[in-house]
file input36.txt (compact mmCIF, C-alpha atoms)
# COMPACT_ATOMS: atom_id res chain seq x y z
CA MET A 1 10.07 -12.32 -0.29
CA GLN A 2 11.87 -14.40 2.26
CA ARG A 3 15.05 -14.47 4.29
CA ARG A 4 17.12 -17.57 4.89
CA GLU A 5 18.76 -17.99 8.26
CA PHE A 6 21.20 -20.65 9.54
CA TYR A 7 20.63 -24.27 8.49
CA GLY A 8 18.31 -23.20 5.67
CA THR A 9 15.35 -22.22 7.83
CA ILE A 10 13.09 -19.46 6.49
CA THR A 11 11.73 -16.57 8.55
CA PRO A 12 9.08 -14.05 7.47
CA VAL A 13 10.21 -10.68 6.20
CA LYS A 14 8.89 -7.72 8.18
CA ILE A 15 7.27 -4.82 6.32
CA LEU A 16 6.52 -1.42 7.81
CA ALA A 17 3.24 -0.18 6.29
CA VAL A 18 2.19 3.43 6.94
CA SER A 19 -0.73 5.68 6.00
CA ASP A 20 -2.62 8.89 6.70
CA GLN A 21 -1.11 10.17 9.94
CA VAL A 22 2.35 11.20 11.04
CA VAL A 23 3.07 9.39 14.30
CA GLU A 24 5.64 11.26 16.36
CA ARG A 25 6.51 8.06 18.23
CA VAL A 26 7.65 6.49 14.95
CA TYR A 27 10.44 9.07 14.69
CA SER A 28 11.93 7.96 18.01
CA LEU A 29 11.26 4.27 17.39
CA ALA A 30 13.04 4.42 14.04
CA SER A 31 15.95 6.43 15.43
CA ASN A 32 16.37 4.07 18.39
CA GLY A 33 16.62 0.92 16.31
CA HIS A 34 13.13 -0.43 17.00
CA PHE A 35 12.58 -1.13 13.30
CA ASN A 36 16.01 -2.58 12.57
CA ASP A 37 14.45 -5.85 11.35
CA ILE A 38 12.24 -4.06 8.81
CA ARG A 39 13.20 -4.94 5.22
CA LEU A 40 10.63 -2.93 3.24
CA ILE A 41 8.44 0.17 3.67
CA LEU A 42 5.04 0.40 1.97
CA GLY A 43 3.19 3.73 1.98
CA CYS A 44 -0.60 3.73 1.55
CA GLY A 45 -1.06 7.44 0.99
CA ASP A 46 -1.86 10.78 2.63
CA LEU A 47 1.48 11.19 4.36
CA PRO A 48 3.95 14.06 3.96
CA TYR A 49 6.70 12.92 1.68
CA ALA A 50 9.23 14.23 4.19
CA TYR A 51 7.93 11.59 6.64
CA LEU A 52 8.46 8.82 4.11
CA GLU A 53 11.89 10.19 3.24
CA PHE A 54 12.85 10.16 6.93
CA LEU A 55 11.90 6.50 7.22
CA VAL A 56 13.88 5.59 4.10
CA THR A 57 16.93 7.50 5.34
CA VAL A 58 16.93 6.01 8.84
CA LEU A 59 15.91 2.44 8.01
CA ASN A 60 17.85 2.29 4.72
CA VAL A 61 15.41 -0.09 3.06
CA PRO A 62 13.35 0.21 -0.14
CA LEU A 63 10.13 2.24 -0.17
CA PHE A 64 7.15 1.76 -2.46
CA TYR A 65 4.07 3.93 -2.08
CA VAL A 66 0.83 5.15 -3.65
CA PRO A 67 -0.68 8.65 -3.46
CA GLY A 68 -3.73 9.45 -1.36
CA ASN A 69 -6.47 11.98 -1.95
CA HIS A 70 -4.60 14.61 0.07
CA ASP A 71 -1.33 14.12 -1.81
CA PRO A 72 -0.34 16.37 -4.72
CA ASP A 73 -0.67 15.37 -8.35
CA PHE A 74 2.62 13.95 -9.54
CA ASN A 75 4.72 16.31 -11.63
CA PRO A 76 8.05 14.91 -12.89
CA ASN A 77 9.51 18.43 -12.85
CA ASP A 78 8.49 19.14 -9.24
CA PRO A 79 10.47 17.27 -6.56
CA HIS A 80 7.82 18.16 -3.98
CA THR A 81 5.32 15.82 -5.67
CA LYS A 82 7.27 12.63 -4.96
CA ALA A 83 9.09 10.94 -2.10
CA GLU A 84 12.82 11.05 -2.77
CA GLY A 85 14.39 7.64 -2.32
CA GLY A 86 11.09 5.84 -2.94
CA SER A 87 9.10 4.63 -5.93
CA SER A 88 5.45 5.35 -6.66
CA LEU A 89 3.58 2.17 -7.58
CA ASP A 90 0.37 3.83 -8.72
CA LEU A 91 -0.97 1.54 -11.49
CA LYS A 92 2.38 -0.28 -11.57
CA THR A 93 3.81 -3.56 -10.38
CA VAL A 94 7.32 -4.48 -9.29
CA CYS A 95 9.08 -7.73 -8.51
CA HIS A 96 11.06 -7.04 -5.35
CA HIS A 97 13.26 -9.94 -4.25
CA GLY A 98 10.76 -12.35 -5.74
CA THR A 99 7.66 -10.67 -4.29
CA LEU A 100 5.19 -9.12 -6.73
CA ILE A 101 3.84 -5.81 -5.43
CA GLY A 102 1.26 -3.62 -7.16
CA GLY A 103 -0.27 -0.25 -6.32
CA PHE A 104 -3.50 1.68 -6.82
CA GLY A 105 -3.62 5.27 -5.58
CA GLY A 106 -6.41 7.69 -4.78
CA SER A 107 -9.92 7.56 -3.39
CA VAL A 108 -13.51 7.93 -4.50
CA ARG A 109 -14.32 11.39 -5.89
CA TYR A 110 -16.09 13.60 -3.36
CA ARG A 111 -15.01 17.03 -4.63
CA PRO A 112 -15.15 18.16 -8.26
CA ASP A 113 -11.62 19.60 -8.08
CA GLY A 114 -10.09 16.97 -5.78
CA THR A 115 -6.67 15.54 -6.57
CA ASN A 116 -6.24 11.78 -6.85
CA GLN A 117 -10.01 11.33 -6.66
CA TYR A 118 -12.04 9.23 -9.08
CA THR A 119 -15.62 8.26 -9.77
CA GLN A 120 -16.31 4.56 -9.53
CA ARG A 121 -16.23 4.37 -13.33
CA GLU A 122 -12.93 6.28 -13.55
CA ALA A 123 -11.42 3.98 -10.94
CA TYR A 124 -12.42 0.93 -12.98
CA LEU A 125 -10.81 2.41 -16.09
CA ARG A 126 -7.62 3.01 -14.13
CA ALA A 127 -7.66 -0.55 -12.78
CA PHE A 128 -8.10 -1.96 -16.27
CA ARG A 129 -4.84 -0.23 -17.27
CA MET A 130 -3.06 -2.68 -14.96
CA ILE A 131 -4.30 -5.74 -16.85
CA PRO A 132 -1.26 -6.06 -19.20
CA ARG A 133 1.16 -5.94 -16.25
CA LEU A 134 -0.86 -8.42 -14.22
CA LEU A 135 -1.17 -10.85 -17.12
CA SER A 136 2.55 -10.52 -17.81
CA ASN A 137 3.28 -11.39 -14.17
CA ARG A 138 0.98 -14.39 -14.37
CA LEU A 139 2.74 -15.68 -17.47
CA ARG A 140 6.21 -15.08 -16.11
CA TYR A 141 5.79 -15.96 -12.42
CA GLY A 142 2.62 -18.04 -12.32
CA ARG A 143 0.71 -15.40 -10.35
CA ALA A 144 -0.34 -11.79 -10.85
CA LEU A 145 0.43 -10.25 -7.44
CA ASP A 146 1.54 -11.16 -3.94
CA ILE A 147 0.85 -7.80 -2.28
CA LEU A 148 -1.50 -5.01 -3.38
CA ILE A 149 -1.21 -1.58 -1.78
CA SER A 150 -3.85 1.11 -2.19
CA HIS A 151 -5.02 4.24 -0.46
CA SER A 152 -8.73 3.49 -0.56
CA PRO A 153 -10.24 0.34 0.92
CA PRO A 154 -12.37 -1.94 -1.23
CA ALA A 155 -16.08 -1.15 -1.38
CA GLY A 156 -17.87 -2.70 1.59
CA ILE A 157 -14.67 -3.70 3.41
CA HIS A 158 -13.21 -1.30 5.99
CA ASP A 159 -14.94 1.65 4.29
CA ASP A 160 -17.38 4.09 5.88
CA THR A 161 -20.82 5.54 5.23
CA ASP A 162 -19.75 9.14 4.57
CA LYS A 163 -19.09 9.90 0.90
CA PRO A 164 -15.34 10.69 1.16
CA HIS A 165 -14.68 7.30 2.74
CA HIS A 166 -16.70 5.04 0.45
CA GLY A 167 -14.53 2.21 -0.85
CA LEU A 168 -13.72 1.68 -4.52
CA ASP A 169 -15.44 -1.14 -6.41
CA ALA A 170 -12.41 -1.29 -8.72
CA ILE A 171 -10.27 -2.51 -5.83
CA ASN A 172 -12.69 -5.38 -5.19
CA TRP A 173 -12.25 -6.27 -8.87
CA LEU A 174 -8.46 -6.04 -8.61
CA ILE A 175 -8.47 -8.39 -5.64
CA ARG A 176 -10.61 -10.92 -7.51
CA PHE A 177 -8.53 -10.63 -10.70
CA ALA A 178 -5.01 -10.50 -9.25
CA ARG A 179 -5.65 -12.61 -6.10
CA PRO A 180 -2.90 -11.07 -3.93
CA ARG A 181 -2.18 -12.77 -0.64
CA ILE A 182 -2.20 -9.43 1.18
CA HIS A 183 -3.92 -6.13 0.46
CA LEU A 184 -2.77 -3.12 2.50
CA HIS A 185 -4.73 0.14 2.49
CA GLY A 186 -5.30 3.35 4.44
CA HIS A 187 -7.87 6.17 4.16
CA THR A 188 -10.31 5.00 6.85
CA HIS A 189 -9.26 5.51 10.42
CA PHE A 190 -9.57 2.44 12.58
CA TYR A 191 -7.54 2.55 15.73
CA ARG A 192 -4.77 0.17 16.60
CA GLY A 193 -6.55 -1.69 19.40
CA ASN A 194 -9.44 -2.68 17.15
CA ILE A 195 -7.77 -5.54 15.25
CA ALA A 196 -11.05 -7.21 14.33
CA ALA A 197 -12.19 -4.08 12.49
CA SER A 198 -8.91 -3.56 10.66
CA GLU A 199 -8.29 -7.05 9.24
CA SER A 200 -10.57 -9.04 6.96
CA ILE A 201 -10.44 -11.95 4.52
CA SER A 202 -11.82 -11.78 0.99
CA GLY A 203 -11.35 -14.97 -0.99
CA GLU A 204 -7.63 -15.75 -0.85
CA THR A 205 -6.66 -12.22 0.26
CA LYS A 206 -6.02 -10.86 3.73
CA ILE A 207 -7.09 -7.20 3.77
CA VAL A 208 -5.38 -4.95 6.33
CA ASN A 209 -6.07 -1.32 7.21
CA VAL A 210 -2.63 -0.10 8.22
CA TYR A 211 -3.69 3.29 9.67
CA PRO A 212 -1.53 4.85 11.00
CA TYR A 213 1.22 2.20 10.83
CA LYS A 214 1.52 -1.52 11.14
CA VAL A 215 4.32 -4.09 10.99
CA VAL A 216 3.25 -6.88 8.64
CA GLU A 217 5.07 -10.18 8.29
CA TYR A 218 5.19 -11.74 4.85
CA GLN A 219 6.56 -15.14 3.98
CA ALA A 220 6.89 -16.19 0.37
call {"tool": "encode", "arguments": {"input": "input36.txt", "output": "structure tokens"}}
result
Amino acid sequence: MQRREFYGTITPVKILAVSDQVVERVYSLASNGHFNDIRLILGCGDLPYAYLEFLVTVLNVPLFYVPGNHDPDFNPNDPHTKAEGGSSLDLKTVCHHGTLIGGFGGSVRYRPDGTNQYTQREAYLRAFRMIPRLLSNRLRYGRALDILISHSPPAGIHDDTDKPHHGLDAINWLIRFARPRIHLHGHTHFYRGNIAASESISGETKIVNVYPYKVVEYQA
């Protein structure tokens, strides 16, 4: 995804990635034009859908998101289980202005009755359901993904020692298989000043914890 300016030069496209916590300051920043250069919103889960809908309405740009472990199970007959004006990418991929984006929702299971929670084995089975889409992308575009969004972090990268915040091994597999340039996730709460703890490299992929929001530049 790229934007051409005068004389054919190319500038990165700015993405607003959000997760886990409503930030009151974002309301005023968005309303006051601070995010006017944002071209895409990516939601990494555990946010009220009203918050996402506000961002879509004010910024008037596309929104793609995945559900977190505190989000409701999707019900096509219940408008409260989706963000109006946005598209859930859970186990899906989309080609948006030439950029391939895929999504993987949920977290590791830590409660028997938890929504959007999966054992490590269940998460692998979900990830394997993406294989046909990823292979189709590779055949058509020469690559499987450019950007992967998830709620959970990968196992051993940006995760934590308490059971609810263990990472998912299936996401490590997805990164190895799809080789996205950027992986954006939420779920674990690193604070904005600690850049070293919130950004990592795994193979060809830059992994970013976006909690609670981060502006990411992407150049195709």
call {"tool": "residues_around", "arguments": {"input": "input36.txt", "residues": "Pro48 of chain A", "least_positions_apart": "3", "cutoff": "12 Å", "atoms": "all atoms listed in the file", "output": "PyMOL selection string"}}
result
chain A and resi 18-23+43-45+51-55+65+67-68+70-72+80-84
call {"tool": "atom_distance", "arguments": {"input": "input36.txt", "atom1": "atom CA of Leu100 of chain A", "atom2": "atom CA of Phe35 of chain A"}}
result
22.8 Å
call {"tool": "atom_distance", "arguments": {"input": "input36.txt", "atom1": "atom CA of Ile149 of chain A", "atom2": "atom CA of Pro180 of chain A"}}
result
9.9 Å
call {"tool": "atom_distance", "arguments": {"input": "input36.txt", "atom1": "atom CA of Gly105 of chain A", "atom2": "atom CA of Glu122 of chain A"}}
result
12.3 Å
call {"tool": "closest_residue", "arguments": {"input": "input36.txt", "among": "A:Lys92, A:Ala197, A:Thr188, A:Asp46", "to": "Thr161 of chain A", "atoms": "all atoms listed in the file"}}
result
A:Thr188
call {"tool": "residues_near_point", "arguments": {"input": "input36.txt", "point": "(-1.8, 12.8, -9.5)", "cutoff": "7 Å", "atoms": "only C-alpha atoms", "output": "PyMOL selection string"}}
result
chain A and resi 72-74+115-116
call {"tool": "closest_residue", "arguments": {"input": "input36.txt", "among": "A:His34, A:Lys214, A:His158, A:Arg39", "to": "Glu199 of chain A", "atoms": "only C-alpha atoms"}}
result
A:His158
call {"tool": "closest_residue", "arguments": {"input": "input36.txt", "among": "A:Glu204, A:Asp169, A:Asp78, A:Asp37", "to": "Ala127 of chain A", "atoms": "all atoms listed in the file"}}
result
A:Asp169
call {"tool": "axis_aligned_box", "arguments": {"input": "input36.txt", "around": "segment 33-47 of chain A", "padding_each_side": "4 Å", "output": "AutoDock Vina command-line options"}}
result
--center_x 7.4 --center_y 2.7 --center_z 9.0 --size_x 26.5 --size_y 25.0 --size_z 24.0
call {"tool": "residues_around", "arguments": {"input": "input36.txt", "residues": "Ala155 of chain A", "least_positions_apart": "5", "cutoff": "10 Å", "atoms": "all atoms listed in the file", "output": "ChimeraX atom specification"}}
result
/A:108,120,160,165-173
call {"tool": "residues_around", "arguments": {"input": "input36.txt", "residues": "Gly103 of chain A", "least_positions_apart": "6", "cutoff": "6 Å", "atoms": "all atoms listed in the file", "output": "list in words"}}
result
Leu89, Asp90, Leu91, Lys92, Leu148, Ile149 and Ser150 of chain A
call {"tool": "decode", "arguments": {"input": "input36.txt", "residues": "segment 32-89 of chain A", "atoms": "C-alpha atoms", "output": "PDB file, in the first residue's frame"}}
result
ATOM      1  CA  ASN A  32      -8.923  17.918  16.027  1.00  0.00           C
ATOM      2  CA  GLY A  33      -7.401  16.561  12.839  1.00  0.00           C
ATOM      3  CA  HIS A  34      -4.298  14.985  14.381  1.00  0.00           C
ATOM      4  CA  PHE A  35      -4.859  11.774  12.411  1.00  0.00           C
ATOM      5  CA  ASN A  36      -5.777  13.390   9.104  1.00  0.00           C
ATOM      6  CA  ASP A  37      -2.906  11.593   7.338  1.00  0.00           C
ATOM      7  CA  ILE A  38      -4.097   8.156   8.517  1.00  0.00           C
ATOM      8  CA  ARG A  39      -5.249   5.982   5.599  1.00  0.00           C
ATOM      9  CA  LEU A  40      -6.210   2.760   7.407  1.00  0.00           C
ATOM     10  CA  ILE A  41      -7.315   1.618  10.881  1.00  0.00           C
ATOM     11  CA  LEU A  42      -6.370  -1.831  12.174  1.00  0.00           C
ATOM     12  CA  GLY A  43      -7.979  -3.109  15.386  1.00  0.00           C
ATOM     13  CA  CYS A  44      -6.186  -5.797  17.402  1.00  0.00           C
ATOM     14  CA  GLY A  45      -9.023  -6.662  19.756  1.00  0.00           C
ATOM     15  CA  ASP A  46     -10.574  -6.000  23.173  1.00  0.00           C
ATOM     16  CA  LEU A  47     -11.969  -2.582  22.322  1.00  0.00           C
ATOM     17  CA  PRO A  48     -15.601  -1.466  22.493  1.00  0.00           C
ATOM     18  CA  TYR A  49     -16.995  -1.502  19.004  1.00  0.00           C
ATOM     19  CA  ALA A  50     -18.373   1.989  19.609  1.00  0.00           C
ATOM     20  CA  TYR A  51     -14.752   3.200  19.915  1.00  0.00           C
ATOM     21  CA  LEU A  52     -13.830   1.651  16.576  1.00  0.00           C
ATOM     22  CA  GLU A  53     -16.981   3.051  14.998  1.00  0.00           C
ATOM     23  CA  PHE A  54     -16.081   6.531  16.252  1.00  0.00           C
ATOM     24  CA  LEU A  55     -12.654   6.309  14.630  1.00  0.00           C
ATOM     25  CA  VAL A  56     -14.146   5.132  11.330  1.00  0.00           C
ATOM     26  CA  THR A  57     -16.722   7.927  11.360  1.00  0.00           C
ATOM     27  CA  VAL A  58     -14.268  10.718  12.161  1.00  0.00           C
ATOM     28  CA  LEU A  59     -11.304   9.571  10.080  1.00  0.00           C
ATOM     29  CA  ASN A  60     -13.418   8.209   7.201  1.00  0.00           C
ATOM     30  CA  VAL A  61     -10.932   5.483   6.298  1.00  0.00           C
ATOM     31  CA  PRO A  62     -11.300   1.686   6.101  1.00  0.00           C
ATOM     32  CA  LEU A  63     -11.213  -0.409   9.279  1.00  0.00           C
ATOM     33  CA  PHE A  64     -10.161  -4.043   9.589  1.00  0.00           C
ATOM     34  CA  TYR A  65     -10.102  -5.740  12.973  1.00  0.00           C
ATOM     35  CA  VAL A  66      -9.957  -9.025  14.872  1.00  0.00           C
ATOM     36  CA  PRO A  67     -11.809  -9.954  18.083  1.00  0.00           C
ATOM     37  CA  GLY A  68     -10.071 -10.234  21.431  1.00  0.00           C
ATOM     38  CA  ASN A  69     -10.822 -12.498  24.362  1.00  0.00           C
ATOM     39  CA  HIS A  70     -13.070  -9.852  25.938  1.00  0.00           C
ATOM     40  CA  ASP A  71     -15.077  -9.267  22.764  1.00  0.00           C
ATOM     41  CA  PRO A  72     -18.406 -11.014  22.158  1.00  0.00           C
ATOM     42  CA  ASP A  73     -18.819 -14.022  19.911  1.00  0.00           C
ATOM     43  CA  PHE A  74     -19.865 -12.857  16.467  1.00  0.00           C
ATOM     44  CA  ASN A  75     -23.551 -13.277  15.689  1.00  0.00           C
ATOM     45  CA  PRO A  76     -24.656 -12.129  12.206  1.00  0.00           C
ATOM     46  CA  ASN A  77     -28.108 -11.332  13.606  1.00  0.00           C
ATOM     47  CA  ASP A  78     -26.793  -9.166  16.457  1.00  0.00           C
ATOM     48  CA  PRO A  79     -25.366  -5.767  15.438  1.00  0.00           C
ATOM     49  CA  HIS A  80     -23.719  -5.433  18.855  1.00  0.00           C
ATOM     50  CA  THR A  81     -21.255  -8.214  18.000  1.00  0.00           C
ATOM     51  CA  LYS A  82     -19.537  -6.329  15.179  1.00  0.00           C
ATOM     52  CA  ALA A  83     -18.108  -2.896  14.463  1.00  0.00           C
ATOM     53  CA  GLU A  84     -20.361  -1.107  11.995  1.00  0.00           C
ATOM     54  CA  GLY A  85     -18.381   0.348   9.129  1.00  0.00           C
ATOM     55  CA  GLY A  86     -15.518  -2.117   9.615  1.00  0.00           C
ATOM     56  CA  SER A  87     -14.677  -5.649   8.531  1.00  0.00           C
ATOM     57  CA  SER A  88     -13.615  -8.515  10.776  1.00  0.00           C
ATOM     58  CA  LEU A  89     -10.542 -10.281   9.394  1.00  0.00           C
TER      59      LEU A  89
END
